[in-house]
Amino acid sequence: MEQISKKAIVSLKDIFVRFDGEVILNHINLDIHEKEFVTILGPSGCGKTTTLRIIGGFVDPESGDVIFDGARINGLPPHKRNVNTVFQKYALFPHLNVYDNVAFGLKLKKLPKNEIIRKVTKMLAVVDLKGYEKRPVQKLSGGQQQRVAIARALVCDPDVVLLDEPLGALDLQLLKDMQLELKEIQKNTQKTFIYVTHDQEEALTMSDRVVVMNNGVIEQIGTPEDIYNEPVNAFVADFIGEANILNGTMIDDCRIRILEKELPCVDKGFGTNTPVDVVIRPEDIDITEPNAGQLTGVVEKVTFKGVHYEMSIRCGKCEILVHSTKSAATGTTVGMSVVPFNIQIMNKLLPFYNNIIETTVSCANADENYFEFPLEDETVRVDGHYFPEATQLRITLPPEALSLAGDGMGHLQDVYIESVVYKGEHNEIILESDERKWLMLSDTDEQVATYVPLSFDFSKASFEPLGSEHKDKEAGR
Amino acid sequence: MKSKLLSVPYLIWMLVFTMIPLVMIAVTAFSDNNGHFSLEALASAFPYTHVFLKSLWIALLSTVLCLVIAYPMAYMVSQMRESTQNVVVMLLMIPMWMNFLLRIYAWVLLLQSGGPLDTLLSAIGIHGSYTNNTAAVIVGMIYEYLPFMFLPIYTVMGKIDKGLVEAAQDLGSNKSEVFRKVIFPLSIPGIISGITMVFVPSASTFVVAQYLGGTDDIMIGDIIDRIFFTNNHVGAAISLILMIFILIFLVLMNRFGDEEAIV
């Protein structure tokens with residue numbers, strides 16, 4: 001964060017994008033400053049590439065403003081923007097050699113030939129490809145093609161360089177080298193880099209600032225330290241690094257209840273007895289004697305990782321991950337302590353725990369003991385309960401009553417998996433249907449950003465008629 | 001070893017149906033009725049030089065016109081939505097399923113005096129004859145061979161990575177520069193195979209000129225057709241000369257293609 005000037009070079013204001021009725025970017029706002037290395041981080045399908053393409057001019061937002069160096073540039077075609085892109089699959093011109101690929105942009109600018117030669121030669125030296133001028137690009141290795149793509153973008157001297165997962169196709173060692181090299185090139189050239197990746201480690205390593213995105217919204221913007229140490233919610237905490245994310249209750253300012261224990265913390269302003277998400281990083285837990293710790297648990301698994309031991313400790317129903325330089329034998333009971341500063345309290349991702357449907361019975365049959373209600377263009381039939389037609393009803397579905405229909409025939413089709421967070425006991429999965437969000441518990445890992453059919457188990461639900469005529473509550477079985 | 005064994009049937013096929021017939025054509029061209037070596041047949045091919053040149057000229061003209069029509073068409077179709085593309089390509093292909101002769105007859109009917117074109121143009125006061133001339137032959141040839149030009153170009157264009165187009169735009173190309181600097185150079189292999197696939201069969205085609213052409217529009221394929229059963233030596237000689245011309249043409253085309261690919 002050394003000499004970063006605070007002048008915004010790119011500003012996205014209230015950007016909204018929709019493809020085929022599906023919302024890709026939901027009113028996002030983002031300022032990118034001059035000479036800064038910003039990474040847009042998120043799972044696939046979160047809208048990060050679309051954000052980049054808006055800046056590049058390949059996508060026009062449905063609403064909102066794209067401001068570049070103070071001017072609104074919505075609708076300006078890519079070739080008129082002083083922005084160059086390093087594409088995901090490089091997109092090198094196969095009919096041109098290395099030199100001509102790099103010189104492509106300069107030739108279009110009609111620069112004098114000797115200046116083009118001078119600039120290309122200089123840029124090829126920067127990316128360590130001196131002497132490769134005459135090589136056909138298909139004959140280059142992945143890393144070399146990558147560097148040609150970077151040189152081709154940088155040689156045009158753009159104000160902003162956009163990089164769309166440029167290291168995705170490289171093997172691990174090359175990837176690490178290129179990460180450092182990219183950061184170095186950015187520092188030396190003093191350009192603004194906007195980098196898109198799904199790799200959190202890459203984001204933390206290279207960036208001045210990280211923008212974490214999920215499901216078309218920006219979850220958090222901050223320095224890598226901020227994002228890691230002070231995640232705003234369970235999604236960010238889960239996405240960045242390893243974390244124990246637990247359900248807790250904020251008893252009062254600076255007092256949190258987790259794992260059936262009350263612990264001191266430093267956060268304030270969450271109210272009293274508020275359900276919250278709690279993050280404790282594995283390296284922030286100290287292993288102590290059983291009776292000296294704030295928490296106790298039984299060691300279930302120990303793995304030696306070189307720098308530390310990775311331990312899985314069972315604490316009641318929950319599994320806690322601990323990184324410690326001290327080891328403990330499997331099966332032993334240990335104590336665990338966390339300093340208050342390292343307990344990070346966050347608001348819940350959803351304002352509710354149980355899924356509540358308020359609806360009106362659309363069709364009912366007392367003899368066969370069932371009723372139906374409308375739900376987002378579908379009709380849902382509930383067997384084993386009867387309420388007369390037109391009854392106003394509140395149906396409470398606890399998260400465990402929801403499941404993904406394995407046979408593909410759910411009550412709701414095509415529900416979007418927005419996030420999957422492991423809470424030490426179950427995965428808490430947030431789903432989004434056309435009109436609302438749902439919370440589901442699952443023991444299987446589901447793929448984020450996919451569409452699945454959702455079904456409800458009404459035997460776990462409770463039903464409560466609303467209004468005056470039906471006061472009798474019917475509890476679920 | 002196994003792959004060599006597998007190739008044996010194909011080698012036999014090529015020997016029996018390609019190599020031996022070629023040799024037989026050459027032997028027939030250079031021999032007389034008694035089976036002696038003779039240049040007589042070759043010499044009797046000379047009077048047909050003008051037919052020969054005219055055939056090549058018609059073939060060249062048809063090829064160029066096919067290219068002029070098919071290239072923009074292939075470009076436009078490749079820009080359409082994929083579902084639309086399939087329909088359009090299908091529509092372009094359907095006439096090919098019809099019998100070759102039938103399609104030529106159709107053109108005769110369309111162009112002949114009293115036919116739809118004549119009636120239409122007469123109605124607005126233009127009178128003329130639209131069949132029995134070189135133009136009609138070329139129209140027929142274009143109709144026959146257009147799909148062979150369109151398909152390879154379309155296939156190559158469809159394969160051009162959209163990312164390359166975006167990269168070119170990103171680096172400052174407007175639409176025409178994207179075309180000149182990326183799409184056109186990358187579509188050259190398609191152009192070359194299209195030209196080959198149209199020029200070679202159209203140079204040796206027959207029937208088209210017989211039906212649509214005038215008296216002096218006879219093509220070399222028709223000559224071979226006519227002569228072969230009366231004097232197979234002359235027929236073979238003409239075929240051989242035609243083959244050599246086509247071979248030279250193909251070599252030139254490939255040379256040109258290689259150079260383009262390097263630039």
# chains A, B, ... in the order shown; residues from 1 in each chain; ligands from 1
>>> residues_around(residues="B:Leu101", least_positions_apart="6", cutoff="10 Å", atoms="only C-alpha atoms", output="list in words")
Trp107, Val207, Val208 and Tyr211 of chain B
>>> closest_atom_pairs(of="stretch 111-153 of chain A", to="stretch 91-96 of chain A", cutoff="12 Å", atoms="only C-alpha atoms", output="JSON lines")
{"residue": "A:Glu133", "atom": "CA", "partner": "A:Leu96", "partner_atom": "CA", "distance": 10.4}
{"residue": "A:Lys134", "atom": "CA", "partner": "A:Leu96", "partner_atom": "CA", "distance": 9.2}
{"residue": "A:Arg135", "atom": "CA", "partner": "A:Leu96", "partner_atom": "CA", "distance": 9.0}
{"residue": "A:Pro136", "atom": "CA", "partner": "A:Leu96", "partner_atom": "CA", "distance": 6.6}
{"residue": "A:Val137", "atom": "CA", "partner": "A:Pro94", "partner_atom": "CA", "distance": 6.3}
{"residue": "A:Gln138", "atom": "CA", "partner": "A:Pro94", "partner_atom": "CA", "distance": 6.5}
{"residue": "A:Lys139", "atom": "CA", "partner": "A:Pro94", "partner_atom": "CA", "distance": 9.9}
{"residue": "A:Leu140", "atom": "CA", "partner": "A:Leu92", "partner_atom": "CA", "distance": 10.9}
{"residue": "A:Gly142", "atom": "CA", "partner": "A:Leu92", "partner_atom": "CA", "distance": 11.5}
{"residue": "A:Gln144", "atom": "CA", "partner": "A:Leu92", "partner_atom": "CA", "distance": 11.3}
{"residue": "A:Gln145", "atom": "CA", "partner": "A:Leu92", "partner_atom": "CA", "distance": 7.6}
{"residue": "A:Gln146", "atom": "CA", "partner": "A:Leu92", "partner_atom": "CA", "distance": 9.1}
{"residue": "A:Arg147", "atom": "CA", "partner": "A:Leu92", "partner_atom": "CA", "distance": 10.6}
{"residue": "A:Val148", "atom": "CA", "partner": "A:Leu92", "partner_atom": "CA", "distance": 7.9}
{"residue": "A:Ala149", "atom": "CA", "partner": "A:Leu92", "partner_atom": "CA", "distance": 6.6}
{"residue": "A:Ile150", "atom": "CA", "partner": "A:Leu92", "partner_atom": "CA", "distance": 10.4}
{"residue": "A:Ala151", "atom": "CA", "partner": "A:Leu92", "partner_atom": "CA", "distance": 11.1}
{"residue": "A:Arg152", "atom": "CA", "partner": "A:Leu92", "partner_atom": "CA", "distance": 8.9}
{"residue": "A:Ala153", "atom": "CA", "partner": "A:Leu92", "partner_atom": "CA", "distance": 10.9}
>>> write_last_selection(atoms="C-alpha atoms", output="compact mmCIF listing (two decimals), in the first residue's frame")
# COMPACT_ATOMS: atom_id res chain seq x y z
CA GLU A 133 10.58 -12.63 -31.86
CA LYS A 134 10.35 -14.95 -34.84
CA ARG A 135 8.84 -17.96 -33.06
CA PRO A 136 5.32 -19.00 -34.00
CA VAL A 137 3.14 -18.63 -30.91
CA GLN A 138 1.82 -22.19 -31.03
CA LYS A 139 5.34 -23.47 -30.49
CA LEU A 140 5.62 -21.71 -27.11
CA GLY A 142 2.01 -22.16 -21.61
CA GLN A 144 5.71 -18.25 -22.58
CA GLN A 145 2.34 -17.75 -24.28
CA GLN A 146 1.18 -16.17 -21.07
CA ARG A 147 4.05 -13.70 -21.17
CA VAL A 148 3.39 -12.87 -24.83
CA ALA A 149 -0.21 -12.09 -23.87
CA ILE A 150 0.99 -9.82 -21.06
CA ALA A 151 3.52 -8.11 -23.32
CA ARG A 152 0.90 -7.62 -26.02
CA ALA A 153 -1.38 -5.82 -23.55
>>> residues_around(residues="B:Ile220", least_positions_apart="6", cutoff="12 Å", atoms="only C-alpha atoms", output="MDAnalysis selection string")
chainID B and resid 45 47:59 201:210 226:228 235 237:243
>>> interface_residues(of="chain B", to="chain A", cutoff="9 Å", atoms="only C-alpha atoms", output="PyMOL selection string")
chain B and resi 161-174+177+182+185-186+261-263
>>> write_last_selection(atoms="C-alpha atoms", output="PDB file, in the first residue's frame")
ATOM      1  CA  ASP B 161     -11.912 -18.330 -31.687  1.00  0.00           C
ATOM      2  CA  LYS B 162     -14.230 -15.471 -30.671  1.00  0.00           C
ATOM      3  CA  GLY B 163     -11.525 -14.604 -28.172  1.00  0.00           C
ATOM      4  CA  LEU B 164      -9.224 -13.607 -31.048  1.00  0.00           C
ATOM      5  CA  VAL B 165     -11.826 -11.165 -32.318  1.00  0.00           C
ATOM      6  CA  GLU B 166     -12.155  -9.692 -28.841  1.00  0.00           C
ATOM      7  CA  ALA B 167      -8.378  -9.549 -28.462  1.00  0.00           C
ATOM      8  CA  ALA B 168      -8.118  -7.640 -31.736  1.00  0.00           C
ATOM      9  CA  GLN B 169     -10.839  -5.195 -30.639  1.00  0.00           C
ATOM     10  CA  ASP B 170      -9.150  -4.844 -27.291  1.00  0.00           C
ATOM     11  CA  LEU B 171      -5.879  -3.928 -28.995  1.00  0.00           C
ATOM     12  CA  GLY B 172      -7.596  -1.172 -30.959  1.00  0.00           C
ATOM     13  CA  SER B 173      -9.099  -2.734 -34.092  1.00  0.00           C
ATOM     14  CA  ASN B 174     -12.387  -1.462 -35.427  1.00  0.00           C
ATOM     15  CA  GLU B 177      -9.497  -4.016 -39.039  1.00  0.00           C
ATOM     16  CA  VAL B 182      -7.700 -11.552 -38.020  1.00  0.00           C
ATOM     17  CA  PRO B 185      -5.936 -14.298 -42.709  1.00  0.00           C
ATOM     18  CA  LEU B 186      -7.345 -17.080 -40.570  1.00  0.00           C
ATOM     19  CA  ALA B 261       0.089 -18.733 -43.672  1.00  0.00           C
ATOM     20  CA  ILE B 262       3.581 -17.469 -42.892  1.00  0.00           C
ATOM     21  CA  VAL B 263       2.888 -13.779 -43.438  1.00  0.00           C
TER      22      VAL B 263
END
>>> closest_residue(among="B:Leu110, B:Ile195, B:Leu121, B:Met253", to="B:Pro147", atoms="only C-alpha atoms")
B:Ile195
>>> residues_around(residues="stretch 130-132 of chain B", least_positions_apart="2", cutoff="6 Å", atoms="only C-alpha atoms", output="PDB file with C-alpha atoms, in the first residue's frame")
ATOM      1  CA  LEU B 111     -33.765 -19.434 -68.479  1.00  0.00           C
ATOM      2  CA  GLN B 112     -35.260 -20.636 -71.772  1.00  0.00           C
ATOM      3  CA  ALA B 136     -25.844 -19.433 -68.663  1.00  0.00           C
ATOM      4  CA  LEU B 212     -27.066 -24.408 -70.986  1.00  0.00           C
ATOM      5  CA  GLY B 213     -24.329 -23.365 -73.418  1.00  0.00           C
ATOM      6  CA  GLY B 214     -24.351 -22.278 -77.039  1.00  0.00           C
TER       7      GLY B 214
END
>>> decode(residues="stretch 108-165 of chain B", atoms="C-alpha atoms", output="compact mmCIF listing (two decimals), in the first residue's frame")
# COMPACT_ATOMS: atom_id res chain seq x y z
CA VAL B 108 -32.78 -24.70 -68.63
CA LEU B 109 -36.48 -24.30 -67.86
CA LEU B 110 -35.89 -21.14 -65.86
CA LEU B 111 -33.76 -19.43 -68.48
CA GLN B 112 -35.26 -20.64 -71.77
CA SER B 113 -37.31 -18.27 -73.94
CA GLY B 114 -40.86 -18.32 -72.65
CA GLY B 115 -39.55 -19.38 -69.25
CA PRO B 116 -40.14 -17.49 -65.99
CA LEU B 117 -37.15 -15.13 -66.37
CA ASP B 118 -37.96 -14.30 -69.98
CA THR B 119 -41.64 -13.72 -69.17
CA LEU B 120 -40.78 -11.50 -66.25
CA LEU B 121 -38.27 -9.37 -68.11
CA SER B 122 -40.45 -9.16 -71.21
CA ALA B 123 -43.24 -7.78 -69.07
CA ILE B 124 -41.07 -4.78 -68.18
CA GLY B 125 -39.90 -4.43 -71.75
CA ILE B 126 -36.55 -6.18 -71.71
CA HIS B 127 -36.19 -8.78 -74.41
CA GLY B 128 -33.33 -11.17 -74.80
CA SER B 129 -32.10 -14.71 -74.81
CA TYR B 130 -30.84 -16.07 -71.54
CA THR B 131 -29.80 -19.56 -72.41
CA ASN B 132 -27.41 -21.13 -74.89
CA ASN B 133 -24.56 -18.81 -73.96
CA THR B 134 -21.48 -18.74 -71.72
CA ALA B 135 -23.22 -16.73 -69.04
CA ALA B 136 -25.84 -19.43 -68.66
CA VAL B 137 -23.13 -22.06 -68.36
CA ILE B 138 -21.47 -20.05 -65.62
CA VAL B 139 -24.76 -19.56 -63.81
CA GLY B 140 -25.28 -23.31 -63.89
CA MET B 141 -21.75 -23.98 -62.67
CA ILE B 142 -22.06 -21.51 -59.79
CA TYR B 143 -25.31 -23.13 -58.80
CA GLU B 144 -23.71 -26.56 -58.87
CA TYR B 145 -20.52 -25.73 -57.04
CA LEU B 146 -21.41 -22.90 -54.65
CA PRO B 147 -21.88 -25.25 -51.64
CA PHE B 148 -18.38 -26.63 -52.21
CA MET B 149 -16.98 -23.14 -51.87
CA PHE B 150 -19.24 -22.16 -49.01
CA LEU B 151 -18.75 -25.18 -46.75
CA PRO B 152 -14.97 -25.13 -46.24
CA ILE B 153 -14.91 -21.37 -45.74
CA TYR B 154 -17.83 -21.51 -43.33
CA THR B 155 -16.22 -24.35 -41.37
CA VAL B 156 -12.93 -22.49 -41.01
CA MET B 157 -14.69 -19.28 -40.02
CA GLY B 158 -16.78 -21.08 -37.42
CA LYS B 159 -13.61 -22.37 -35.86
CA ILE B 160 -12.04 -18.94 -35.42
CA ASP B 161 -11.91 -18.33 -31.69
CA LYS B 162 -14.23 -15.47 -30.67
CA GLY B 163 -11.52 -14.60 -28.17
CA LEU B 164 -9.22 -13.61 -31.05
CA VAL B 165 -11.83 -11.17 -32.32
